[in-house]
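Please read the structure below before turning to the comments.
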Amino acid sequence: MMRVLILMGSPRLHGNTAELCRPFIEELEAGGAEVRYVTLADKDIAPCRGCYACQQVGGEYGCVQKDDMYAVVEDILRSDLIVLATPIYEWYCTAQMKNMLDRHYGLNKFYGSAEGSLWAGKKVAIIATHGYPGAYATDPFEEGIRRLCRHSRLEYAGLYSVRDTDNLASFRTAEAVEGARAFARKLLEPGRQGH
Ligand SMILES: Cc1cc2nc3c(=O)[nH]c(=O)nc-3n(C[C@H](O)[C@H](O)[C@H](O)COP(=O)(O)O)c2cc1C
């Protein structure tokens, strides 16, 4: 059974990105996955302070900021697949998601006396919504996550995105919904290689 963690980064908890996640989650669950859906905007996750204290702490996350990121880290460590679900804001993810991404630092011990990775080998996928068309909107964020995956020895498993042309209605079309379901089925395929 695949354990999937969806981290939803929009400040609109019932907006476009949340809407696109609905059929995606339904299909994952229909395929036998255990899904945990976590919204970031209502959590207390401070920005990384760049203190590098986490890099001296072996075998555990080790961040000095004891906020809700600890619960997210627990969820990450329990999951096989992490889905970053975000609207595109200024060609990248939202600030809420960026704070979370920066705060992953203690999962990699690459820059201090501690060594190793706590999350190597996990899969990462992206669900995005955006106002501009397709790859023009999503390429910078996707490339950033691709590089993060390579750097952290995670397996990048792909992106599904839909353009916002009519607010929520854009994400309720048969094409958008079936695309989300197809993406879920693709991610559940056994032994699928990332790209
Ligand atoms: C502050 C802000 C910045 C945005 N920047 C972009 C952008 O760079 N590229 C883009 O395609 N859409 C951009 N958008 C549009 C949103 O990505 C789009 O409306 C999205 O579907 C909103 O999702 P949500 O309802 O889940 O928040 C931006 C929207 C806001 C509010």
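By order of appearance in the structure tokens: chains A, B, ..., then residues from 1 within every chain, and ligands from 1 in the order shown.
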
Residues of chain A at most 12 Å from ligand 1: nearest atom pair and distance in Å, only C-alpha atoms and all ligand atoms, as a tab-separated table:
```
residue	atom	partner	partner_atom_place_in_ligand_line	distance
A:Met8	CA	ligand 1	26 (O)	8.5
A:Gly9	CA	ligand 1	26 (O)	7.8
A:Ser10	CA	ligand 1	27 (O)	4.7
A:Pro11	CA	ligand 1	27 (O)	6.0
A:Arg12	CA	ligand 1	27 (O)	4.9
A:Leu13	CA	ligand 1	26 (O)	7.2
A:His14	CA	ligand 1	25 (O)	7.2
A:Gly15	CA	ligand 1	25 (O)	3.6
A:Asn16	CA	ligand 1	25 (O)	3.7
A:Thr17	CA	ligand 1	26 (O)	3.6
A:Ala18	CA	ligand 1	26 (O)	5.9
A:Glu19	CA	ligand 1	26 (O)	7.6
A:Leu20	CA	ligand 1	26 (O)	8.5
A:Cys21	CA	ligand 1	26 (O)	9.7
A:Thr39	CA	ligand 1	26 (O)	11.0
A:Leu40	CA	ligand 1	26 (O)	11.9
A:Ala41	CA	ligand 1	27 (O)	10.6
A:Ala85	CA	ligand 1	26 (O)	8.6
A:Thr86	CA	ligand 1	26 (O)	6.6
A:Pro87	CA	ligand 1	17 (O)	4.2
A:Ile88	CA	ligand 1	17 (O)	4.1
A:Tyr89	CA	ligand 1	5 (N)	3.4
A:Glu90	CA	ligand 1	8 (O)	3.3
A:Trp91	CA	ligand 1	8 (O)	4.0
A:Tyr92	CA	ligand 1	8 (O)	6.7
A:Cys93	CA	ligand 1	17 (O)	8.6
A:Thr94	CA	ligand 1	3 (C)	8.0
A:Ala95	CA	ligand 1	1 (C)	9.6
A:Gln96	CA	ligand 1	27 (O)	11.3
A:Met97	CA	ligand 1	27 (O)	11.9
A:Ile127	CA	ligand 1	26 (O)	10.4
A:Ala128	CA	ligand 1	21 (O)	7.7
A:Thr129	CA	ligand 1	21 (O)	4.3
A:His130	CA	ligand 1	17 (O)	3.5
A:Gly131	CA	ligand 1	11 (O)	3.7
A:Tyr132	CA	ligand 1	11 (O)	3.6
A:Pro133	CA	ligand 1	11 (O)	6.5
A:Gly134	CA	ligand 1	11 (O)	7.9
A:Ala135	CA	ligand 1	11 (O)	9.2
A:Tyr136	CA	ligand 1	11 (O)	7.6
A:Ala137	CA	ligand 1	11 (O)	4.4
A:Thr138	CA	ligand 1	11 (O)	7.2
A:Asp139	CA	ligand 1	11 (O)	10.3
A:Pro140	CA	ligand 1	8 (O)	9.9
A:Phe141	CA	ligand 1	8 (O)	10.0
A:Ser161	CA	ligand 1	21 (O)	9.5
A:Val162	CA	ligand 1	21 (O)	7.9
A:Arg163	CA	ligand 1	21 (O)	6.7
A:Asp164	CA	ligand 1	21 (O)	4.8
A:Thr165	CA	ligand 1	19 (O)	8.1
A:Asp166	CA	ligand 1	19 (O)	8.9
A:Asn167	CA	ligand 1	21 (O)	6.8
A:Leu168	CA	ligand 1	25 (O)	7.5
A:Ala169	CA	ligand 1	21 (O)	10.7
A:Ser170	CA	ligand 1	21 (O)	8.8
A:Phe171	CA	ligand 1	21 (O)	8.8
```

Store the residues picked out above, limited to C-alpha atoms, as a short mmCIF file (atom, residue, chain, number, x, y, z; two decimals), in the first residue's frame.
```cif
data_model
loop_
_atom_site.label_atom_id
_atom_site.label_comp_id
_atom_site.auth_asym_id
_atom_site.auth_seq_id
_atom_site.Cartn_x
_atom_site.Cartn_y
_atom_site.Cartn_z
CA MET A 8 -1.48 21.90 -0.17
CA GLY A 9 0.09 25.35 -0.27
CA SER A 10 -2.68 27.72 -1.32
CA PRO A 11 -3.92 30.35 1.13
CA ARG A 12 -7.39 29.58 -0.33
CA LEU A 13 -8.24 26.39 1.50
CA HIS A 14 -11.22 25.78 -0.79
CA GLY A 15 -9.82 27.36 -3.93
CA ASN A 16 -8.65 26.03 -7.28
CA THR A 17 -5.79 23.86 -6.07
CA ALA A 18 -7.92 22.24 -3.38
CA GLU A 19 -10.59 21.60 -6.01
CA LEU A 20 -8.10 19.90 -8.33
CA CYS A 21 -6.90 17.73 -5.45
CA THR A 39 -3.06 22.36 4.27
CA LEU A 40 -0.11 24.63 5.02
CA ALA A 41 -1.76 28.06 5.16
CA ALA A 85 0.00 20.93 -4.49
CA THR A 86 0.27 24.66 -5.10
CA PRO A 87 -0.96 27.57 -7.14
CA ILE A 88 1.85 29.19 -9.08
CA TYR A 89 2.70 32.52 -7.47
CA GLU A 90 5.30 34.59 -9.31
CA TRP A 91 6.55 31.58 -11.29
CA TYR A 92 7.07 29.50 -8.18
CA CYS A 93 5.02 28.05 -5.32
CA THR A 94 3.25 30.13 -2.68
CA ALA A 95 5.18 31.59 0.26
CA GLN A 96 3.50 29.07 2.56
CA MET A 97 4.91 26.21 0.54
CA ILE A 127 -0.04 19.38 -8.70
CA ALA A 128 -0.23 23.00 -9.82
CA THR A 129 -2.83 25.53 -10.87
CA HIS A 130 -1.93 28.74 -12.67
CA GLY A 131 -3.31 31.64 -14.67
CA TYR A 132 -0.76 31.61 -17.47
CA PRO A 133 -0.66 28.75 -19.96
CA GLY A 134 0.94 25.40 -19.18
CA ALA A 135 4.69 25.07 -19.15
CA TYR A 136 5.22 28.84 -19.34
CA ALA A 137 3.65 29.06 -15.89
CA THR A 138 4.98 25.88 -14.31
CA ASP A 139 8.49 25.31 -15.73
CA PRO A 140 10.50 27.29 -13.13
CA PHE A 141 8.84 25.58 -10.15
CA SER A 161 -1.35 21.15 -13.80
CA VAL A 162 -4.48 22.92 -14.97
CA ARG A 163 -4.86 26.53 -16.04
CA ASP A 164 -7.24 28.83 -14.19
CA THR A 165 -9.40 30.43 -16.85
CA ASP A 166 -12.66 30.65 -14.92
CA ASN A 167 -11.82 30.17 -11.24
CA LEU A 168 -13.32 26.97 -9.73
CA ALA A 169 -15.17 26.02 -12.92
CA SER A 170 -11.84 25.45 -14.70
CA PHE A 171 -11.11 22.60 -12.31
#
```

DSSP alpha helix (DSSP H) selection over stretch 9-189 of chain A, as a PyMOL selection string: chain A and resi 16-30+69-78+95-102+134-152+174-188

For A:Val83, the nearest of the candidates A:Ala125, A:Glu178, A:Leu107, A:Ala33, counting only C-alpha atoms: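 The answer is A:Ala125, which sits nearest to A:Val83.
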
Do you know which residues are at most 12 Å from A:Gly116 counting only C-alpha atoms, after dropping those on the same chain fewer than 6 positions away, and could you put them as a PyMOL selection string? chain A and resi 55-61+105-110+152-153

Write a file of the just-selected residues containing N, CA and C atoms, as a PDB file, in the first residue's frame.
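Output file result_32.pdb follows:
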```
ATOM      1  N   GLN A  55      22.074  20.887  10.961  1.00  0.00           N
ATOM      2  CA  GLN A  55      23.146  20.144  10.294  1.00  0.00           C
ATOM      3  C   GLN A  55      24.135  19.506  11.284  1.00  0.00           C
ATOM      4  N   GLN A  56      23.971  19.859  12.543  1.00  0.00           N
ATOM      5  CA  GLN A  56      24.849  19.255  13.570  1.00  0.00           C
ATOM      6  C   GLN A  56      24.115  18.155  14.341  1.00  0.00           C
ATOM      7  N   VAL A  57      22.870  17.903  14.000  1.00  0.00           N
ATOM      8  CA  VAL A  57      22.044  16.938  14.744  1.00  0.00           C
ATOM      9  C   VAL A  57      21.835  15.699  13.886  1.00  0.00           C
ATOM     10  N   GLY A  58      22.435  14.577  14.294  1.00  0.00           N
ATOM     11  CA  GLY A  58      22.332  13.361  13.482  1.00  0.00           C
ATOM     12  C   GLY A  58      21.070  12.572  13.770  1.00  0.00           C
ATOM     13  N   GLY A  59      20.538  11.898  12.732  1.00  0.00           N
ATOM     14  CA  GLY A  59      19.470  10.915  12.920  1.00  0.00           C
ATOM     15  C   GLY A  59      18.093  11.459  13.190  1.00  0.00           C
ATOM     16  N   GLU A  60      17.961  12.754  13.313  1.00  0.00           N
ATOM     17  CA  GLU A  60      16.630  13.342  13.494  1.00  0.00           C
ATOM     18  C   GLU A  60      16.601  14.725  12.847  1.00  0.00           C
ATOM     19  N   TYR A  61      15.411  15.270  12.731  1.00  0.00           N
ATOM     20  CA  TYR A  61      15.202  16.525  12.004  1.00  0.00           C
ATOM     21  C   TYR A  61      16.031  17.673  12.596  1.00  0.00           C
ATOM     22  N   TYR A 105      15.311  21.447   5.467  1.00  0.00           N
ATOM     23  CA  TYR A 105      16.777  21.367   5.499  1.00  0.00           C
ATOM     24  C   TYR A 105      17.320  20.271   6.413  1.00  0.00           C
ATOM     25  N   GLY A 106      16.727  20.126   7.596  1.00  0.00           N
ATOM     26  CA  GLY A 106      17.206  19.138   8.557  1.00  0.00           C
ATOM     27  C   GLY A 106      16.979  17.696   8.133  1.00  0.00           C
ATOM     28  N   LEU A 107      16.257  17.486   7.030  1.00  0.00           N
ATOM     29  CA  LEU A 107      16.092  16.118   6.521  1.00  0.00           C
ATOM     30  C   LEU A 107      17.322  15.672   5.744  1.00  0.00           C
ATOM     31  N   ASN A 108      18.097  16.629   5.278  1.00  0.00           N
ATOM     32  CA  ASN A 108      19.387  16.342   4.633  1.00  0.00           C
ATOM     33  C   ASN A 108      20.494  16.829   5.554  1.00  0.00           C
ATOM     34  N   LYS A 109      21.464  15.962   5.836  1.00  0.00           N
ATOM     35  CA  LYS A 109      22.589  16.418   6.664  1.00  0.00           C
ATOM     36  C   LYS A 109      23.801  16.525   5.750  1.00  0.00           C
ATOM     37  N   PHE A 110      23.823  17.573   4.954  1.00  0.00           N
ATOM     38  CA  PHE A 110      24.875  17.707   3.947  1.00  0.00           C
ATOM     39  C   PHE A 110      25.910  18.768   4.302  1.00  0.00           C
ATOM     40  N   SER A 152      18.645  15.821  -3.293  1.00  0.00           N
ATOM     41  CA  SER A 152      18.264  15.127  -2.054  1.00  0.00           C
ATOM     42  C   SER A 152      18.064  13.632  -2.271  1.00  0.00           C
ATOM     43  N   ARG A 153      18.394  13.144  -3.463  1.00  0.00           N
ATOM     44  CA  ARG A 153      18.213  11.726  -3.821  1.00  0.00           C
ATOM     45  C   ARG A 153      16.778  11.266  -3.612  1.00  0.00           C
TER      46      ARG A 153
END
```

Expected answer as number ranges by chain: strand (DSSP E or B) residues in stretch 30-99 of chain A: A: 34-39, 81-87, 89, 92

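Distances to A:Met2 were evaluated for A:Arg146, A:Arg103, A:Lys123, A:Lys66 using only C-alpha atoms, and the minimum falls at A:Lys123.
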
Just to confirm, what's the straight-line distance from atom CA of A:Glu175 to atom CA of A:Glu27 in Å (one decimal)?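 Interatomic distance, atom CA of A:Glu175 to atom CA of A:Glu27: 14.8 Å.
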
Identify which of the residues A:Ala53, A:Ile126, A:Val38, A:Ala71 lies closest to A:Cys149, counting only C-alpha atoms when measuring atom-to-atom distances. A:Ile126

Would you please work out which residue, of A:His104, A:Leu84, A:Ala120, A:Glu29, is nearest to A:Tyr160 when using only C-alpha atoms? A:Leu84

Kindly give the distance, in Å, that separates atom CA of A:Glu155 and atom CA of A:Leu77, rounded to a single decimal.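 Between atom CA of A:Glu155 and atom CA of A:Leu77 the gap works out to 14.7 Å.
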
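Relative to atom CA of A:Arg3, atom CA of A:Ala46 is found at 26.3 Å.
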